[in-house]
Amino acid sequence: MKTKLLTLAAAALLAACASPTLQIDRTHVSQNQDSRVQFLVLHYTVLDFEKSMKVLTTGGKVSAHYLVEENPARVYQLVDENNRAWHAGVSSWGTATNLNSSSIGIEIVNPGFTDSPLGRVYAPYPQAQIDQVLALSRQIVARHHIRSDRILGHNDIAPGRKQDPGPMFPWKQFADAGLIPWPDAAQVQIKQAIYQLAPVPDVNWFQQRLAQIGYQTPRTGVFDVATREVVSTFQMKYRPTNYSGDMDAETAALLEVATTPGGMLMKQPAPADSQARSPN
């Protein structure tokens, strides 16, 4: 009996020393917060659907939150939006670096480019696939309140190292959908006429303006390979018919308008019901 009493006493003592049950009051919510997701980054896969799915879901050390198939056009979620996917690699935009930690990545099934005797040829995107990417992007932007100037291509955040989603990606459709701003065409026309009659700005001007937008740009005053790659990346988005990387009059006009207050215009998104009725 004495041994039993000692055992009970010891158990009671241990119970008294145990940690209390954790109770968390969640009735008070701070107004001083936002989503950890600050960027939306768009890619192409360079692989077909089956290979893309395998690489993004197995041991390839690369992943994305979403994969968008081309035929049929279908969206697959591979990583929860609350988790970090490994899609951006070495990357930067403005003062932000290591964008895996603050972005959602969308991989789009597309073969990318092939090099031919006539030059590099990029593959087009089916419109039905783009419609899915647009719809998905709208939802992600709405959930996380992502700024319009932070909807980017992989090449924007890693110019030269990456080319995706390439010049065939229809960024203008994103502008028409009210997702990203676009250079005011009237202002661009006026500036281009001026630069066609006078010398275009020097490389220092180009480097400063590209860095102002957010591109990781050399500030050397030399038109080197790295600077040409950044110029080409800018052209892929805003003038995809010619992405030579040359500092010409039209590129200077686009760049000046893009970095001038009031130069970038935002369209109001169409109402949800009209979006639903719009043809693919």
# chains A, B, ... in the order shown; residues from 1 in each chain; ligands from 1

$ residues_around --residues "segment 133-145 of chain A" --least-positions-apart "6" --cutoff "10 Å" --atoms "only C-alpha atoms" --output "PyMOL selection string"
chain A and resi 34-42+66-69+73-75+81+104+106-108+127+151+173-174+177-179+269+275-276

$ residues_around --residues "Thr241 of chain A" --least-positions-apart "3" --cutoff "9 Å" --atoms "only C-alpha atoms" --output "ChimeraX atom specification"
/A:167-168,235-236

$ residues_around --residues "Trp182 of chain A" --least-positions-apart "2" --cutoff "7 Å" --atoms "only C-alpha atoms" --output "ChimeraX atom specification"
/A:175,180,184,264-266

$ write_last_selection --atoms "C-alpha atoms" --output "JSON list (two decimals), in the first residue's frame"
[["chain", "number", "residue", "atom", "x", "y", "z"],
["A", 175, "ALA", "CA", -2.11, 44.63, -70.20],
["A", 180, "ILE", "CA", 0.04, 44.96, -65.98],
["A", 184, "ASP", "CA", 1.16, 54.88, -73.65],
["A", 264, "MET", "CA", 2.48, 53.57, -68.12],
["A", 265, "LEU", "CA", -1.27, 53.09, -68.48],
["A", 266, "MET", "CA", -3.43, 50.59, -66.62]]

$ select_by_dssp --residues "segment 12-250 of chain A" --states "helix (DSSP H, G or I)" --output "VMD selection string"
chain A and resid 12 to 17 49 to 57 99 to 102 127 to 144 148 to 150 154 to 157 171 to 176 185 to 197 203 to 213 225 to 238 249 to 250

$ atom_distance --atom1 "atom CA of Lys61 of chain A" --atom2 "atom CA of His87 of chain A"
9.2 Å

$ closest_residue --among "A:Thr233, A:Asn98, A:Thr114, A:Gln187" --to "Leu152 of chain A" --atoms "only C-alpha atoms"
A:Thr233

$ residues_around --residues "Ser92 of chain A" --least-positions-apart "3" --cutoff "10 Å" --atoms "only C-alpha atoms" --output "PyMOL selection string"
chain A and resi 88-89+95-100+156-159+214-216

$ write_last_selection --atoms "all heavy atoms" --output "short mmCIF file (atom, residue, chain, number, x, y, z; two decimals), in the first residue's frame"
data_model
loop_
_atom_site.label_atom_id
_atom_site.label_comp_id
_atom_site.auth_asym_id
_atom_site.auth_seq_id
_atom_site.Cartn_x
_atom_site.Cartn_y
_atom_site.Cartn_z
N ALA A 88 12.68 30.15 -59.44
CA ALA A 88 13.30 31.40 -59.89
C ALA A 88 14.82 31.32 -59.96
O ALA A 88 15.44 31.99 -60.79
CB ALA A 88 12.89 32.54 -58.96
N GLY A 89 15.46 30.53 -59.10
CA GLY A 89 16.91 30.46 -59.08
C GLY A 89 17.53 31.79 -58.66
O GLY A 89 16.94 32.58 -57.94
N THR A 95 15.34 46.00 -55.63
CA THR A 95 16.18 45.66 -54.48
C THR A 95 15.90 44.26 -53.94
O THR A 95 16.57 43.81 -53.02
CB THR A 95 15.95 46.68 -53.34
OG1 THR A 95 14.57 46.67 -52.96
CG2 THR A 95 16.35 48.08 -53.79
N ALA A 96 14.91 43.58 -54.50
CA ALA A 96 14.54 42.23 -54.04
C ALA A 96 15.43 41.19 -54.71
O ALA A 96 15.70 41.27 -55.91
CB ALA A 96 13.08 41.95 -54.33
N THR A 97 15.86 40.21 -53.94
CA THR A 97 16.66 39.11 -54.46
C THR A 97 16.07 37.79 -53.98
O THR A 97 15.15 37.77 -53.16
CB THR A 97 18.12 39.23 -53.99
OG1 THR A 97 18.15 39.22 -52.55
CG2 THR A 97 18.77 40.51 -54.50
N ASN A 98 16.60 36.70 -54.51
CA ASN A 98 16.16 35.37 -54.09
C ASN A 98 14.63 35.27 -54.14
O ASN A 98 13.97 35.01 -53.13
CB ASN A 98 16.67 35.04 -52.68
CG ASN A 98 16.39 33.61 -52.28
OD1 ASN A 98 16.28 32.72 -53.13
ND2 ASN A 98 16.25 33.38 -50.98
N LEU A 99 14.07 35.46 -55.32
CA LEU A 99 12.62 35.62 -55.44
C LEU A 99 11.84 34.34 -55.19
O LEU A 99 10.60 34.39 -55.07
CB LEU A 99 12.27 36.19 -56.81
CG LEU A 99 12.80 37.60 -57.10
CD1 LEU A 99 12.16 38.17 -58.35
CD2 LEU A 99 12.61 38.54 -55.93
N ASN A 100 12.50 33.19 -55.09
CA ASN A 100 11.78 31.99 -54.67
C ASN A 100 11.02 32.21 -53.37
O ASN A 100 9.93 31.69 -53.16
CB ASN A 100 12.74 30.81 -54.49
CG ASN A 100 13.07 30.10 -55.78
OD1 ASN A 100 12.34 30.20 -56.76
ND2 ASN A 100 14.18 29.38 -55.79
N ASP A 156 12.86 38.50 -67.01
CA ASP A 156 12.94 39.81 -66.35
C ASP A 156 13.80 39.77 -65.10
O ASP A 156 14.54 40.71 -64.81
CB ASP A 156 11.54 40.29 -65.96
CG ASP A 156 10.68 40.66 -67.15
OD1 ASP A 156 11.21 41.25 -68.11
OD2 ASP A 156 9.48 40.34 -67.13
N ILE A 157 13.69 38.69 -64.35
CA ILE A 157 14.40 38.59 -63.07
C ILE A 157 15.75 37.90 -63.20
O ILE A 157 16.52 37.87 -62.24
CB ILE A 157 13.54 37.86 -62.02
CG1 ILE A 157 13.25 36.42 -62.44
CG2 ILE A 157 12.23 38.61 -61.79
CD1 ILE A 157 12.54 35.59 -61.39
N ALA A 158 16.05 37.40 -64.42
CA ALA A 158 17.36 36.78 -64.67
C ALA A 158 17.75 37.01 -66.12
O ALA A 158 17.92 36.06 -66.88
CB ALA A 158 17.31 35.28 -64.35
N PRO A 159 17.89 38.28 -66.54
CA PRO A 159 18.17 38.57 -67.95
C PRO A 159 19.49 37.97 -68.40
O PRO A 159 20.47 37.99 -67.68
CB PRO A 159 18.20 40.10 -67.99
CG PRO A 159 18.46 40.54 -66.59
CD PRO A 159 17.83 39.50 -65.71
N GLY A 214 13.61 48.05 -62.78
CA GLY A 214 13.79 46.92 -61.88
C GLY A 214 14.81 45.91 -62.35
O GLY A 214 15.20 45.02 -61.60
N TYR A 215 15.23 46.01 -63.62
CA TYR A 215 16.17 45.04 -64.18
C TYR A 215 17.54 45.14 -63.50
O TYR A 215 18.02 46.25 -63.21
CB TYR A 215 16.35 45.27 -65.68
CG TYR A 215 15.14 44.97 -66.51
CD1 TYR A 215 14.30 46.00 -66.95
CD2 TYR A 215 14.81 43.66 -66.85
CE1 TYR A 215 13.18 45.73 -67.72
CE2 TYR A 215 13.69 43.38 -67.62
CZ TYR A 215 12.88 44.42 -68.04
OH TYR A 215 11.76 44.15 -68.79
N GLN A 216 18.15 43.98 -63.28
CA GLN A 216 19.52 43.94 -62.79
C GLN A 216 20.42 44.33 -63.96
O GLN A 216 20.67 43.54 -64.86
CB GLN A 216 19.87 42.54 -62.28
CG GLN A 216 21.25 42.41 -61.65
CD GLN A 216 21.37 43.23 -60.38
OE1 GLN A 216 20.43 43.35 -59.62
NE2 GLN A 216 22.54 43.80 -60.15
#

$ atom_distance --atom1 "atom CA of Arg84 of chain A" --atom2 "atom CA of Ala64 of chain A"
8.6 Å

$ closest_residue --among "A:Thr21, A:Thr58, A:Gln129, A:Gln31" --to "Pro72 of chain A" --atoms "only C-alpha atoms"
A:Gln129

$ decode --residues "segment 57-72 of chain A" --atoms "N, CA and C atoms" --output "PDB file, in the first residue's frame"
ATOM      1  N   THR A  57       7.874  17.466 -60.338  1.00  0.00           N
ATOM      2  CA  THR A  57       7.289  16.779 -59.180  1.00  0.00           C
ATOM      3  C   THR A  57       8.188  15.705 -58.587  1.00  0.00           C
ATOM      4  N   THR A  58       9.322  15.412 -59.212  1.00  0.00           N
ATOM      5  CA  THR A  58      10.198  14.361 -58.679  1.00  0.00           C
ATOM      6  C   THR A  58      11.518  14.967 -58.213  1.00  0.00           C
ATOM      7  N   GLY A  59      12.596  14.251 -58.353  1.00  0.00           N
ATOM      8  CA  GLY A  59      13.865  14.654 -57.735  1.00  0.00           C
ATOM      9  C   GLY A  59      14.717  15.594 -58.542  1.00  0.00           C
ATOM     10  N   GLY A  60      14.118  16.375 -59.453  1.00  0.00           N
ATOM     11  CA  GLY A  60      14.911  17.257 -60.297  1.00  0.00           C
ATOM     12  C   GLY A  60      15.346  18.551 -59.648  1.00  0.00           C
ATOM     13  N   LYS A  61      14.968  18.762 -58.389  1.00  0.00           N
ATOM     14  CA  LYS A  61      15.346  19.958 -57.630  1.00  0.00           C
ATOM     15  C   LYS A  61      14.818  21.239 -58.266  1.00  0.00           C
ATOM     16  N   VAL A  62      13.704  21.136 -58.973  1.00  0.00           N
ATOM     17  CA  VAL A  62      13.031  22.301 -59.520  1.00  0.00           C
ATOM     18  C   VAL A  62      11.537  22.066 -59.393  1.00  0.00           C
ATOM     19  N   SER A  63      10.789  23.123 -59.129  1.00  0.00           N
ATOM     20  CA  SER A  63       9.344  22.975 -58.960  1.00  0.00           C
ATOM     21  C   SER A  63       8.684  24.313 -59.278  1.00  0.00           C
ATOM     22  N   ALA A  64       7.370  24.287 -59.337  1.00  0.00           N
ATOM     23  CA  ALA A  64       6.585  25.512 -59.518  1.00  0.00           C
ATOM     24  C   ALA A  64       5.252  25.291 -58.832  1.00  0.00           C
ATOM     25  N   HIS A  65       4.598  26.380 -58.514  1.00  0.00           N
ATOM     26  CA  HIS A  65       3.298  26.247 -57.862  1.00  0.00           C
ATOM     27  C   HIS A  65       2.256  25.685 -58.824  1.00  0.00           C
ATOM     28  N   TYR A  66       2.368  26.083 -60.103  1.00  0.00           N
ATOM     29  CA  TYR A  66       1.374  25.646 -61.080  1.00  0.00           C
ATOM     30  C   TYR A  66       2.064  25.243 -62.378  1.00  0.00           C
ATOM     31  N   LEU A  67       1.422  24.286 -63.069  1.00  0.00           N
ATOM     32  CA  LEU A  67       1.822  23.884 -64.421  1.00  0.00           C
ATOM     33  C   LEU A  67       0.592  23.997 -65.303  1.00  0.00           C
ATOM     34  N   VAL A  68       0.735  24.654 -66.456  1.00  0.00           N
ATOM     35  CA  VAL A  68      -0.394  24.847 -67.367  1.00  0.00           C
ATOM     36  C   VAL A  68      -0.126  24.054 -68.640  1.00  0.00           C
ATOM     37  N   GLU A  69      -0.924  23.030 -68.853  1.00  0.00           N
ATOM     38  CA  GLU A  69      -0.812  22.169 -70.029  1.00  0.00           C
ATOM     39  C   GLU A  69      -1.333  22.912 -71.251  1.00  0.00           C
ATOM     40  N   GLU A  70      -0.838  22.486 -72.432  1.00  0.00           N
ATOM     41  CA  GLU A  70      -1.251  23.195 -73.640  1.00  0.00           C
ATOM     42  C   GLU A  70      -2.418  22.530 -74.356  1.00  0.00           C
ATOM     43  N   ASN A  71      -2.499  21.194 -74.368  1.00  0.00           N
ATOM     44  CA  ASN A  71      -3.550  20.505 -75.121  1.00  0.00           C
ATOM     45  C   ASN A  71      -3.874  19.162 -74.463  1.00  0.00           C
ATOM     46  N   PRO A  72      -4.993  19.144 -73.694  1.00  0.00           N
ATOM     47  CA  PRO A  72      -5.944  20.240 -73.489  1.00  0.00           C
ATOM     48  C   PRO A  72      -5.383  21.279 -72.525  1.00  0.00           C
TER      49      PRO A  72
END
